[in-house]
>>> print(open('entry_30.csv').read())   # CSV, C-alpha atoms and all ligand atoms
chain,number,residue,atom,x,y,z
A,1,MET,CA,15.9,58.3,61.3
A,2,LYS,CA,18.9,56.8,62.9
A,3,ARG,CA,19.4,55.3,66.4
A,4,ILE,CA,22.3,56.3,68.6
A,5,VAL,CA,23.2,54.0,71.5
A,6,SER,CA,25.9,54.3,74.2
A,7,GLY,CA,26.6,53.4,77.8
A,8,ILE,CA,28.9,54.2,80.8
A,9,LYS,CA,30.0,51.9,83.6
A,10,PRO,CA,29.1,53.1,87.1
A,11,THR,CA,32.5,52.4,88.6
A,12,GLY,CA,34.4,55.2,90.4
A,13,SER,CA,33.5,58.8,89.9
A,14,LEU,CA,32.9,60.1,86.4
A,15,THR,CA,36.0,61.9,85.0
A,16,LEU,CA,36.7,64.7,82.7
A,17,GLY,CA,37.7,61.9,80.2
A,18,ASN,CA,34.2,60.5,80.3
A,19,TYR,CA,32.7,63.9,79.8
A,20,LEU,CA,34.9,65.0,76.9
A,21,GLY,CA,35.2,61.6,75.3
A,22,ALA,CA,31.6,60.5,75.5
A,23,ILE,CA,28.9,62.6,77.3
A,24,LYS,CA,29.7,65.9,75.6
A,25,GLN,CA,29.7,64.3,72.2
A,26,PHE,CA,26.3,62.6,73.0
A,27,VAL,CA,24.8,66.0,74.0
A,28,LYS,CA,26.2,67.7,70.9
A,29,LEU,CA,24.8,64.9,68.6
A,30,GLN,CA,21.4,65.3,70.2
A,31,LYS,CA,21.4,69.0,69.4
A,32,GLU,CA,22.5,68.4,65.8
A,33,ARG,CA,20.4,65.4,64.9
A,34,LYS,CA,16.8,66.4,65.6
A,35,ASN,CA,15.2,63.4,63.9
A,36,ASP,CA,17.3,60.7,65.5
A,37,GLU,CA,16.6,58.5,68.5
A,38,PHE,CA,18.9,58.3,71.5
A,39,PHE,CA,19.3,55.4,73.8
A,40,LEU,CA,21.6,55.7,76.7
A,41,PHE,CA,22.2,53.3,79.6
A,42,ILE,CA,24.1,52.9,82.8
A,43,ALA,CA,26.1,49.7,82.3
A,44,ASP,CA,25.8,48.2,85.8
A,45,LEU,CA,26.2,44.6,84.5
A,46,HIS,CA,29.6,45.7,83.1
A,47,ALA,CA,30.5,47.2,86.5
A,48,ILE,CA,30.4,43.9,88.3
A,49,THR,CA,33.0,42.3,86.1
A,50,THR,CA,35.3,43.8,88.9
A,51,ARG,CA,34.3,43.7,92.6
A,52,GLN,CA,31.8,46.3,93.7
A,53,VAL,CA,30.3,47.2,97.0
A,54,PRO,CA,26.6,46.8,96.5
A,55,HIS,CA,25.3,50.0,98.1
A,56,GLU,CA,28.0,52.0,96.4
A,57,LEU,CA,27.2,50.5,93.0
A,58,ARG,CA,23.5,51.3,93.4
A,59,LYS,CA,24.3,54.9,94.4
A,60,ARG,CA,26.7,55.4,91.5
A,61,THR,CA,24.3,54.0,89.0
A,62,LEU,CA,21.9,56.8,90.0
A,63,ASP,CA,24.7,59.3,90.1
A,64,VAL,CA,25.7,58.5,86.5
A,65,ALA,CA,22.1,58.8,85.4
A,66,ALA,CA,21.7,62.2,87.1
A,67,MET,CA,25.1,63.3,85.7
A,68,TYR,CA,24.1,62.5,82.1
A,69,LEU,CA,21.0,64.7,82.5
A,70,ALA,CA,23.0,67.5,84.3
A,71,CYS,CA,25.4,67.5,81.4
A,72,GLY,CA,22.6,68.7,79.1
A,73,LEU,CA,21.0,65.6,77.8
A,74,ASP,CA,17.4,66.2,76.6
A,75,LYS,CA,15.2,64.0,78.8
A,76,GLU,CA,12.4,64.2,76.3
A,77,ARG,CA,14.5,62.8,73.6
A,78,THR,CA,16.6,60.2,75.4
A,79,THR,CA,15.6,56.7,76.4
A,80,LEU,CA,17.7,56.6,79.6
A,81,PHE,CA,17.8,53.3,81.4
A,82,ILE,CA,19.7,50.9,83.6
A,83,GLN,CA,21.2,48.0,81.8
A,84,SER,CA,20.4,45.3,84.4
A,85,GLU,CA,16.7,46.3,84.4
A,86,ILE,CA,16.5,44.9,80.8
A,87,HIS,CA,17.3,41.2,81.2
A,88,GLU,CA,17.7,40.7,77.4
A,89,HIS,CA,21.1,42.3,77.6
A,90,ALA,CA,22.4,39.3,79.5
A,91,GLU,CA,20.4,36.9,77.4
A,92,LEU,CA,21.7,38.2,74.1
A,93,GLY,CA,25.2,38.5,75.6
A,94,TYR,CA,25.2,34.8,76.2
A,95,ILE,CA,24.1,34.0,72.6
A,96,LEU,CA,26.8,36.4,71.3
A,97,GLN,CA,29.4,34.6,73.5
A,98,SER,CA,28.7,31.6,71.3
A,99,ASN,CA,29.6,33.7,68.3
A,100,VAL,CA,32.9,35.1,69.4
A,101,TYR,CA,36.2,33.2,69.7
A,102,MET,CA,38.6,33.0,72.6
A,103,GLY,CA,41.4,34.3,70.4
A,104,GLU,CA,39.4,37.4,69.6
A,105,LEU,CA,38.7,38.1,73.3
A,106,GLU,CA,42.3,37.5,74.2
A,107,ARG,CA,43.3,40.3,71.8
A,108,MET,CA,41.2,42.9,73.5
A,109,THR,CA,43.7,45.5,75.1
A,110,GLN,CA,41.4,46.1,78.1
A,111,TYR,CA,41.7,42.5,79.0
A,112,LYS,CA,45.3,42.1,77.8
A,113,ASP,CA,46.5,45.0,80.0
A,114,LYS,CA,45.2,43.3,83.1
A,115,ASN,CA,46.5,40.0,82.1
A,116,ASP,CA,49.9,41.4,81.4
A,117,LYS,CA,50.0,42.7,84.9
A,118,ASN,CA,49.5,39.2,86.2
A,119,ASP,CA,46.3,40.2,87.8
A,120,THR,CA,44.9,37.0,89.3
A,121,SER,CA,41.5,38.5,90.0
A,122,ILE,CA,40.3,38.6,86.3
A,123,THR,CA,36.8,37.2,86.3
A,124,SER,CA,35.4,35.2,83.4
A,125,SER,CA,32.8,37.9,82.9
A,126,LEU,CA,35.6,40.5,82.4
A,127,PHE,CA,37.0,38.2,79.7
A,128,THR,CA,33.6,37.9,77.9
A,129,TYR,CA,32.7,41.5,78.5
A,130,PRO,CA,32.9,42.5,74.8
A,131,ALA,CA,30.1,40.0,74.0
A,132,LEU,CA,27.9,41.7,76.5
A,133,MET,CA,28.8,45.1,75.1
A,134,ALA,CA,28.0,43.8,71.6
A,135,ALA,CA,24.6,42.7,72.9
A,136,ASP,CA,24.0,46.2,74.4
A,137,ILE,CA,24.4,47.7,71.0
A,138,LEU,CA,22.9,45.0,68.7
A,139,LEU,CA,19.8,44.6,70.8
A,140,TYR,CA,18.7,48.1,69.7
A,141,ASP,CA,19.8,48.0,66.1
A,142,ALA,CA,22.1,50.9,66.7
A,143,ASP,CA,23.3,52.9,63.7
A,144,TYR,CA,25.9,54.9,65.7
A,145,VAL,CA,27.7,54.4,68.9
A,146,PRO,CA,29.5,57.5,70.3
A,147,VAL,CA,32.5,56.5,72.5
A,148,GLY,CA,36.0,57.5,73.4
A,149,ASP,CA,39.0,56.1,71.6
A,150,ASP,CA,39.5,53.2,74.1
A,151,GLN,CA,36.3,51.6,73.0
A,152,LYS,CA,37.2,51.5,69.3
A,153,GLN,CA,38.5,47.9,69.5
A,154,HIS,CA,35.3,46.7,71.3
A,155,LEU,CA,33.2,48.4,68.6
A,156,GLU,CA,35.2,46.7,65.8
A,157,LEU,CA,34.6,43.3,67.5
A,158,THR,CA,30.9,44.1,67.8
A,159,ARG,CA,30.8,44.7,64.0
A,160,ASP,CA,32.6,41.4,63.4
A,161,ILE,CA,30.2,39.5,65.7
A,162,ALA,CA,27.2,41.1,64.0
A,163,ALA,CA,28.6,40.3,60.5
A,164,ARG,CA,29.4,36.7,61.5
A,165,PHE,CA,25.9,36.2,63.0
A,166,ASN,CA,24.3,37.7,59.9
A,167,ASN,CA,26.4,35.5,57.7
A,168,TYR,CA,25.4,32.3,59.4
A,169,TYR,CA,21.8,33.0,60.3
A,170,SER,CA,21.0,35.4,57.5
A,171,ASN,CA,20.7,39.1,57.9
A,172,PHE,CA,19.5,40.0,61.4
A,173,PHE,CA,21.7,42.6,63.2
A,174,LYS,CA,22.5,46.1,62.0
A,175,VAL,CA,26.2,46.6,61.8
A,176,PRO,CA,26.9,49.7,63.9
A,177,GLU,CA,29.4,52.6,63.2
A,178,PRO,CA,31.5,54.0,66.0
A,179,LEU,CA,31.5,57.8,66.5
A,180,ILE,CA,34.8,59.0,68.0
A,181,PRO,CA,35.3,62.7,68.5
A,182,GLU,CA,38.1,64.5,66.7
A,183,VAL,CA,39.3,66.2,69.9
A,184,GLY,CA,38.8,64.8,73.4
A,185,ALA,CA,38.6,61.1,72.4
A,186,ARG,CA,41.6,60.3,74.6
A,187,ILE,CA,42.2,62.5,77.6
A,188,MET,CA,45.4,61.5,79.3
A,189,ASP,CA,46.3,61.3,83.0
A,190,LEU,CA,47.5,64.7,84.3
A,191,GLN,CA,50.5,63.2,86.1
A,192,ASN,CA,51.4,60.5,83.6
A,193,PRO,CA,50.4,61.6,80.1
A,194,ASP,CA,51.3,58.1,78.7
A,195,LYS,CA,48.2,56.7,80.4
A,196,LYS,CA,44.6,57.5,79.7
A,197,MET,CA,42.7,59.4,82.4
A,198,SER,CA,40.8,56.9,84.3
A,199,LYS,CA,38.5,56.8,87.3
A,200,SER,CA,40.1,53.6,88.6
A,201,GLU,CA,43.5,55.3,88.8
A,202,ASN,CA,45.1,55.4,92.2
A,203,ASN,CA,46.6,58.9,92.1
A,204,PRO,CA,43.7,61.3,92.3
A,205,LYS,CA,46.0,64.2,91.1
A,206,GLY,CA,46.0,62.5,87.7
A,207,TYR,CA,42.3,62.8,87.0
A,208,ILE,CA,39.6,65.5,87.4
A,209,THR,CA,36.2,64.1,88.4
A,210,LEU,CA,32.9,65.8,87.5
A,211,PHE,CA,32.4,66.3,91.2
A,212,ASP,CA,35.7,68.2,91.9
A,213,ASP,CA,35.2,71.7,93.4
A,214,GLU,CA,36.8,74.8,92.1
A,215,LYS,CA,39.8,74.6,94.3
A,216,THR,CA,40.6,71.0,93.5
A,217,ILE,CA,40.2,71.6,89.7
A,218,THR,CA,42.6,74.5,89.9
A,219,LYS,CA,45.1,72.7,92.0
A,220,LYS,CA,45.1,69.6,89.7
A,221,ILE,CA,45.6,71.6,86.6
A,222,LYS,CA,48.3,73.7,88.2
A,223,SER,CA,50.2,70.6,89.2
A,224,ALA,CA,49.7,68.8,85.9
A,225,LYS,CA,52.9,67.5,84.5
A,226,THR,CA,54.3,69.4,81.6
A,227,ASP,CA,58.0,69.8,80.5
A,228,SER,CA,61.0,72.1,80.9
A,229,LEU,CA,60.8,73.6,77.4
A,230,GLY,CA,58.4,76.3,78.6
A,231,VAL,CA,57.0,77.1,75.1
A,232,ILE,CA,53.3,76.7,74.3
A,233,ASN,CA,53.4,74.5,71.2
A,234,TYR,CA,51.3,71.4,70.2
A,235,ASP,CA,53.7,68.6,70.2
A,236,PRO,CA,52.2,65.3,71.3
A,237,VAL,CA,55.6,63.5,71.1
A,238,ASN,CA,58.0,65.9,72.9
A,239,GLN,CA,55.5,67.8,75.0
A,240,LYS,CA,52.9,65.1,75.8
A,241,GLY,CA,51.6,66.6,79.0
A,242,LEU,CA,51.1,70.1,77.5
A,243,ALA,CA,49.5,68.5,74.4
A,244,ASN,CA,47.0,66.8,76.6
A,245,LEU,CA,46.2,70.1,78.3
A,246,ILE,CA,45.8,71.8,74.9
A,247,ASN,CA,43.4,69.0,73.9
A,248,ILE,CA,41.4,69.5,77.0
A,249,PHE,CA,41.3,73.2,76.4
A,250,ALA,CA,40.2,72.6,72.8
A,251,SER,CA,37.5,70.1,73.7
A,252,VAL,CA,36.1,72.2,76.5
A,253,THR,CA,35.9,75.5,74.6
A,254,ASP,CA,35.4,74.1,71.1
A,255,LEU,CA,38.3,76.3,69.9
A,256,SER,CA,40.8,74.7,67.5
A,257,ILE,CA,44.3,73.7,68.6
A,258,ASN,CA,45.8,76.3,66.4
A,259,GLU,CA,43.7,79.1,67.9
A,260,ILE,CA,44.8,78.1,71.3
A,261,VAL,CA,48.5,77.8,70.4
A,262,ASN,CA,48.3,81.2,68.7
A,263,LYS,CA,46.6,82.8,71.7
A,264,TYR,CA,49.1,81.5,74.3
A,265,LYS,CA,52.3,81.1,72.4
A,266,ASN,CA,53.9,84.2,74.0
A,267,VAL,CA,52.9,83.5,77.6
A,268,GLY,CA,54.2,80.9,80.0
A,269,TYR,CA,52.5,77.7,81.2
A,270,LYS,CA,51.3,79.4,84.3
A,271,ILE,CA,48.9,81.7,82.6
A,272,PHE,CA,47.8,79.0,80.2
A,273,LYS,CA,47.0,76.7,83.1
A,274,GLU,CA,45.2,79.4,85.0
A,275,ASP,CA,42.9,80.1,82.0
A,276,LEU,CA,42.3,76.4,81.4
A,277,ALA,CA,41.3,75.9,85.1
A,278,LYS,CA,38.9,78.8,84.8
A,279,LYS,CA,37.3,77.3,81.6
A,280,LEU,CA,36.9,74.0,83.4
A,281,VAL,CA,35.4,75.6,86.4
A,282,ASP,CA,32.9,77.5,84.2
A,283,VAL,CA,31.8,74.3,82.6
A,284,LEU,CA,31.8,71.9,85.6
A,285,ILE,CA,30.4,73.9,88.4
A,286,PRO,CA,27.0,74.6,86.7
A,287,ILE,CA,26.8,70.9,85.8
A,288,GLN,CA,27.3,70.0,89.5
A,289,GLU,CA,24.6,72.4,90.5
A,290,LYS,CA,22.2,70.8,88.1
A,291,TYR,CA,23.3,67.3,89.3
A,292,HIS,CA,22.4,68.2,92.9
A,293,GLU,CA,18.9,69.4,91.8
A,294,ILE,CA,18.3,66.2,89.8
A,295,ILE,CA,19.5,63.7,92.3
A,296,LYS,CA,17.2,65.2,95.0
A,297,SER,CA,14.1,65.2,92.8
A,298,ASN,CA,11.8,62.3,92.0
A,299,GLU,CA,12.0,63.0,88.4
A,300,LEU,CA,15.0,60.9,87.9
A,301,HIS,CA,13.1,57.7,88.8
A,302,GLU,CA,10.3,58.7,86.5
A,303,ILE,CA,12.7,59.2,83.6
A,304,LEU,CA,14.4,55.8,84.4
A,305,ASN,CA,11.0,54.1,84.6
A,306,LYS,CA,10.0,55.5,81.2
A,307,GLY,CA,13.3,54.6,79.8
A,308,ARG,CA,12.9,51.0,81.1
A,309,GLU,CA,9.5,50.7,79.5
A,310,ILE,CA,10.7,51.9,76.0
A,311,ALA,CA,14.0,49.9,76.1
A,312,ASN,CA,12.1,46.8,77.2
A,313,ARG,CA,9.7,46.9,74.3
A,314,TYR,CA,12.5,47.0,71.8
A,315,ALA,CA,14.7,44.5,73.6
A,316,ASN,CA,11.8,42.0,74.1
A,317,LEU,CA,10.8,42.0,70.4
A,318,LYS,CA,14.4,41.7,69.1
A,319,MET,CA,15.2,38.9,71.5
A,320,LYS,CA,12.1,36.9,70.6
A,321,LYS,CA,13.1,37.2,66.9
A,322,CYS,CA,16.7,36.3,67.8
A,323,LYS,CA,15.8,33.1,69.6
A,324,ARG,CA,13.7,32.1,66.7
A,325,LYS,CA,16.6,32.7,64.3
A,326,VAL,CA,19.0,30.6,66.4
A,327,GLY,CA,16.5,27.8,66.9
A,328,LEU,CA,16.0,28.2,70.7
A,329,GLY,CA,12.8,27.1,72.4
A,330,ARG,CA,9.7,25.9,70.7
A,331,LYS,CA,8.8,28.8,68.6
B,1,LIG,P1,33.8,53.9,81.1
B,1,LIG,O1,33.9,54.8,82.2
B,1,LIG,O2,35.0,53.0,80.9
B,1,LIG,O3,32.5,53.2,81.1
B,1,LIG,O4,33.8,54.8,79.8
B,1,LIG,C1,32.6,55.5,79.4
B,1,LIG,C2,32.9,56.3,78.1
B,1,LIG,O5,33.9,57.3,78.4
B,1,LIG,C3,33.4,55.5,76.9
B,1,LIG,O6,32.9,56.0,75.7
B,1,LIG,C4,34.9,55.8,77.0
B,1,LIG,O7,35.5,55.6,75.7
B,1,LIG,C5,34.9,57.2,77.5
B,1,LIG,N1,36.2,57.5,78.2
B,1,LIG,C6,36.7,57.0,79.3
B,1,LIG,N2,37.9,57.5,79.7
B,1,LIG,C7,38.2,58.4,78.7
B,1,LIG,C8,39.3,59.2,78.5
B,1,LIG,N3,40.4,59.3,79.3
B,1,LIG,N4,39.3,60.1,77.4
B,1,LIG,C9,38.3,60.0,76.5
B,1,LIG,N5,37.2,59.2,76.7
B,1,LIG,C10,37.1,58.4,77.7
B,2,LIG,N1,32.5,49.2,77.7
B,2,LIG,C1,32.2,50.6,77.8
B,2,LIG,C2,33.3,51.3,78.6
B,2,LIG,O1,34.0,50.6,79.4
B,2,LIG,C3,30.9,50.9,78.4
B,2,LIG,C4,29.8,50.3,77.5
B,2,LIG,C5,29.2,49.2,77.8
B,2,LIG,C6,29.3,50.8,76.3
B,2,LIG,N2,28.3,48.9,76.8
B,2,LIG,C7,28.4,49.8,75.9
B,2,LIG,C8,29.6,51.8,75.5
B,2,LIG,C9,27.7,49.9,74.7
B,2,LIG,C10,28.9,52.0,74.3
B,2,LIG,C11,28.0,51.0,73.9
B,2,LIG,O2,33.6,52.4,78.4
>>> encode(input="entry_30.csv", output="structure tokens")
Amino acid sequence: MKRIVSGIKPTGSLTLGNYLGAIKQFVKLQKERKNDEFFLFIADLHAITTRQVPHELRKRTLDVAAMYLACGLDKERTTLFIQSEIHEHAELGYILQSNVYMGELERMTQYKDKNDKNDTSITSSLFTYPALMAADILLYDADYVPVGDDQKQHLELTRDIAARFNNYYSNFFKVPEPLIPEVGARIMDLQNPDKKMSKSENNPKGYITLFDDEKTITKKIKSAKTDSLGVINYDPVNQKGLANLINIFASVTDLSINEIVNKYKNVGYKIFKEDLAKKLVDVLIPIQEKYHEIIKSNELHEILNKGREIANRYANLKMKKCKRKVGLGRK
């Protein structure tokens, strides 16, 4: 039996990138791996590394939980919980901060990008964020961590931290493997295909949220930036915008890129985009209907309570052992 662990920050609205890069993969793994355990959490401690409005943060935390379930997660087989409700995340995060070097944290692109923009509001917790992320994973002895491409670097650092700790204190943490999907791992901005699709993006035309209605989805796909070549062809260098749309199509329908190119090679972008918008609507609207049912019900809190109980048991035990290893406290 393997344990699979992942999380999502409750900042902004969930995007199509989150769905195709992370959530969809998680749901698929759950269908394929009947004997494995699934831990999934809402990373609210990570969210406050940038300023959040308290009541909005709390609402979005529940929204993300409900959305996970609406996307098809099996509630019986998932330990779904809120990160801040398990205090061991922060506690282990601190210990791991003492096992990671400034130089390593400075090399993280997520931090570097902000720093390069001369952003003066970078908090110290944003800088040390990868140590907390490592704690999220190592606390549960995760075997696999399904994430999008942008988290690969953080996963590599997690592995380095685990190996370093094991080396000094003797074997203690499981060294996890990232699981990055073949298609959909990096969905790009619809208006600027050089940037990844992100919920913190200012131009809403560039991203599709999981809450967008049919009209909005169709409009955003129609106005997605392509090129003047006008031929359906998969060329991520010269036809970046189109390649991104083909990737979205492939990821949403589970068709291969070749199948899509063959099907559309003799039609223009307009028909291709109309079909893509329809496929997205067919997937996203039922998810939204489920989301509305779940968010209204009391069941969500029951699921989160149960998740907290199970996660707490694991985290508590692991943390006790960890403190003993490090020599903290009396025994
Ligand atoms: P975040 O919203 O940053 O907490 O990301 C949650 C998960 O969604 C992570 O596994 C990310 O790698 C994934 N993700 C976020 N944006 C994208 C994107 N544009 N394409 C693919 N995956 C993404
Ligand atoms: N850092 C991840 C992101 O920004 C979210 C996250 C936090 C996460 N802890 C995690 C993902 C542990 C996987 C495992 O996307």
>>> atom_distance(input="entry_30.csv", atom1="atom CA of Lys323 of chain A", atom2="atom CA of Phe38 of chain A")
25.5 Å
>>> residues_around(input="entry_30.csv", residues="Thr49 of chain A", least_positions_apart="5", cutoff="7 Å", atoms="all atoms listed in the file", output="ChimeraX atom specification")
/A:123,125-126
>>> residues_near_point(input="entry_30.csv", point="(21.0, 56.1, 75.4)", cutoff="12 Å", atoms="all atoms listed in the file", output="PDB file with C-alpha atoms, keeping the file's coordinate frame")
ATOM      1  CA  ARG A   3      19.400  55.300  66.400  1.00  0.00           C
ATOM      2  CA  ILE A   4      22.300  56.300  68.600  1.00  0.00           C
ATOM      3  CA  VAL A   5      23.200  54.000  71.500  1.00  0.00           C
ATOM      4  CA  SER A   6      25.900  54.300  74.200  1.00  0.00           C
ATOM      5  CA  GLY A   7      26.600  53.400  77.800  1.00  0.00           C
ATOM      6  CA  ILE A   8      28.900  54.200  80.800  1.00  0.00           C
ATOM      7  CA  ALA A  22      31.600  60.500  75.500  1.00  0.00           C
ATOM      8  CA  ILE A  23      28.900  62.600  77.300  1.00  0.00           C
ATOM      9  CA  PHE A  26      26.300  62.600  73.000  1.00  0.00           C
ATOM     10  CA  VAL A  27      24.800  66.000  74.000  1.00  0.00           C
ATOM     11  CA  LEU A  29      24.800  64.900  68.600  1.00  0.00           C
ATOM     12  CA  GLN A  30      21.400  65.300  70.200  1.00  0.00           C
ATOM     13  CA  ASP A  36      17.300  60.700  65.500  1.00  0.00           C
ATOM     14  CA  GLU A  37      16.600  58.500  68.500  1.00  0.00           C
ATOM     15  CA  PHE A  38      18.900  58.300  71.500  1.00  0.00           C
ATOM     16  CA  PHE A  39      19.300  55.400  73.800  1.00  0.00           C
ATOM     17  CA  LEU A  40      21.600  55.700  76.700  1.00  0.00           C
ATOM     18  CA  PHE A  41      22.200  53.300  79.600  1.00  0.00           C
ATOM     19  CA  ILE A  42      24.100  52.900  82.800  1.00  0.00           C
ATOM     20  CA  ALA A  43      26.100  49.700  82.300  1.00  0.00           C
ATOM     21  CA  ALA A  65      22.100  58.800  85.400  1.00  0.00           C
ATOM     22  CA  TYR A  68      24.100  62.500  82.100  1.00  0.00           C
ATOM     23  CA  LEU A  69      21.000  64.700  82.500  1.00  0.00           C
ATOM     24  CA  LEU A  73      21.000  65.600  77.800  1.00  0.00           C
ATOM     25  CA  ASP A  74      17.400  66.200  76.600  1.00  0.00           C
ATOM     26  CA  LYS A  75      15.200  64.000  78.800  1.00  0.00           C
ATOM     27  CA  GLU A  76      12.400  64.200  76.300  1.00  0.00           C
ATOM     28  CA  ARG A  77      14.500  62.800  73.600  1.00  0.00           C
ATOM     29  CA  THR A  78      16.600  60.200  75.400  1.00  0.00           C
ATOM     30  CA  THR A  79      15.600  56.700  76.400  1.00  0.00           C
ATOM     31  CA  LEU A  80      17.700  56.600  79.600  1.00  0.00           C
ATOM     32  CA  PHE A  81      17.800  53.300  81.400  1.00  0.00           C
ATOM     33  CA  ILE A  82      19.700  50.900  83.600  1.00  0.00           C
ATOM     34  CA  GLN A  83      21.200  48.000  81.800  1.00  0.00           C
ATOM     35  CA  ASP A 136      24.000  46.200  74.400  1.00  0.00           C
ATOM     36  CA  ILE A 137      24.400  47.700  71.000  1.00  0.00           C
ATOM     37  CA  TYR A 140      18.700  48.100  69.700  1.00  0.00           C
ATOM     38  CA  ALA A 142      22.100  50.900  66.700  1.00  0.00           C
ATOM     39  CA  TYR A 144      25.900  54.900  65.700  1.00  0.00           C
ATOM     40  CA  VAL A 145      27.700  54.400  68.900  1.00  0.00           C
ATOM     41  CA  PRO A 146      29.500  57.500  70.300  1.00  0.00           C
ATOM     42  CA  VAL A 147      32.500  56.500  72.500  1.00  0.00           C
ATOM     43  CA  LEU A 304      14.400  55.800  84.400  1.00  0.00           C
ATOM     44  CA  GLY A 307      13.300  54.600  79.800  1.00  0.00           C
ATOM     45  CA  ARG A 308      12.900  51.000  81.100  1.00  0.00           C
ATOM     46  CA  ILE A 310      10.700  51.900  76.000  1.00  0.00           C
ATOM     47  CA  ALA A 311      14.000  49.900  76.100  1.00  0.00           C
TER      48      ALA A 311
END
>>> closest_residue(input="entry_30.csv", among="A:Cys71, A:Arg107, A:Ile161, A:Gly184", to="Ile287 of chain A", atoms="all atoms listed in the file")
A:Cys71
>>> residues_near_ligand(input="entry_30.csv", ligand="ligand LIG 1 (chain B)", cutoff="6 Å", atoms="all atoms listed in the file", output="mmCIF file with C-alpha atoms, keeping the file's coordinate frame")
data_model
loop_
_atom_site.group_PDB
_atom_site.id
_atom_site.type_symbol
_atom_site.label_atom_id
_atom_site.label_comp_id
_atom_site.auth_asym_id
_atom_site.auth_seq_id
_atom_site.Cartn_x
_atom_site.Cartn_y
_atom_site.Cartn_z
ATOM 1 C CA ILE A 8 28.900 54.200 80.800
ATOM 2 C CA LYS A 9 30.000 51.900 83.600
ATOM 3 C CA GLY A 17 37.700 61.900 80.200
ATOM 4 C CA ASN A 18 34.200 60.500 80.300
ATOM 5 C CA GLY A 21 35.200 61.600 75.300
ATOM 6 C CA ALA A 22 31.600 60.500 75.500
ATOM 7 C CA VAL A 147 32.500 56.500 72.500
ATOM 8 C CA GLY A 148 36.000 57.500 73.400
ATOM 9 C CA ASP A 149 39.000 56.100 71.600
ATOM 10 C CA ASP A 150 39.500 53.200 74.100
ATOM 11 C CA GLN A 151 36.300 51.600 73.000
ATOM 12 C CA GLY A 184 38.800 64.800 73.400
ATOM 13 C CA ALA A 185 38.600 61.100 72.400
ATOM 14 C CA ARG A 186 41.600 60.300 74.600
ATOM 15 C CA ILE A 187 42.200 62.500 77.600
ATOM 16 C CA MET A 188 45.400 61.500 79.300
ATOM 17 C CA LYS A 196 44.600 57.500 79.700
ATOM 18 C CA MET A 197 42.700 59.400 82.400
ATOM 19 C CA SER A 198 40.800 56.900 84.300
#
>>> atom_distance(input="entry_30.csv", atom1="atom CA of Asp141 of chain A", atom2="atom CA of Pro176 of chain A")
7.6 Å
>>> atom_distance(input="entry_30.csv", atom1="atom CA of Lys199 of chain A", atom2="atom CA of Gly72 of chain A")
21.5 Å
>>> closest_residue(input="entry_30.csv", among="A:Lys24, A:Lys112, A:Arg330, A:Lys152", to="ligand LIG 2 (chain B)", atoms="only C-alpha atoms and all ligand atoms")
A:Lys152
>>> closest_residue(input="entry_30.csv", among="A:Leu242, A:Ile232, A:Val252, A:Ile48", to="Tyr264 of chain A", atoms="all atoms listed in the file")
A:Ile232
>>> closest_residue(input="entry_30.csv", among="A:Asn115, A:Pro178, A:Leu139, A:Val100", to="Ala163 of chain A", atoms="only C-alpha atoms")
A:Val100
>>> residues_near_point(input="entry_30.csv", point="(34.4, 38.2, 69.6)", cutoff="10 Å", atoms="all atoms listed in the file", output="PDB file with C-alpha atoms, keeping the file's coordinate frame")
ATOM      1  CA  LEU A  96      26.800  36.400  71.300  1.00  0.00           C
ATOM      2  CA  GLN A  97      29.400  34.600  73.500  1.00  0.00           C
ATOM      3  CA  SER A  98      28.700  31.600  71.300  1.00  0.00           C
ATOM      4  CA  ASN A  99      29.600  33.700  68.300  1.00  0.00           C
ATOM      5  CA  VAL A 100      32.900  35.100  69.400  1.00  0.00           C
ATOM      6  CA  TYR A 101      36.200  33.200  69.700  1.00  0.00           C
ATOM      7  CA  MET A 102      38.600  33.000  72.600  1.00  0.00           C
ATOM      8  CA  GLY A 103      41.400  34.300  70.400  1.00  0.00           C
ATOM      9  CA  GLU A 104      39.400  37.400  69.600  1.00  0.00           C
ATOM     10  CA  LEU A 105      38.700  38.100  73.300  1.00  0.00           C
ATOM     11  CA  GLU A 106      42.300  37.500  74.200  1.00  0.00           C
ATOM     12  CA  ARG A 107      43.300  40.300  71.800  1.00  0.00           C
ATOM     13  CA  MET A 108      41.200  42.900  73.500  1.00  0.00           C
ATOM     14  CA  THR A 128      33.600  37.900  77.900  1.00  0.00           C
ATOM     15  CA  TYR A 129      32.700  41.500  78.500  1.00  0.00           C
ATOM     16  CA  PRO A 130      32.900  42.500  74.800  1.00  0.00           C
ATOM     17  CA  ALA A 131      30.100  40.000  74.000  1.00  0.00           C
ATOM     18  CA  ALA A 134      28.000  43.800  71.600  1.00  0.00           C
ATOM     19  CA  HIS A 154      35.300  46.700  71.300  1.00  0.00           C
ATOM     20  CA  GLU A 156      35.200  46.700  65.800  1.00  0.00           C
ATOM     21  CA  LEU A 157      34.600  43.300  67.500  1.00  0.00           C
ATOM     22  CA  THR A 158      30.900  44.100  67.800  1.00  0.00           C
ATOM     23  CA  ARG A 159      30.800  44.700  64.000  1.00  0.00           C
ATOM     24  CA  ASP A 160      32.600  41.400  63.400  1.00  0.00           C
ATOM     25  CA  ILE A 161      30.200  39.500  65.700  1.00  0.00           C
ATOM     26  CA  ALA A 162      27.200  41.100  64.000  1.00  0.00           C
ATOM     27  CA  ARG A 164      29.400  36.700  61.500  1.00  0.00           C
TER      28      ARG A 164
END
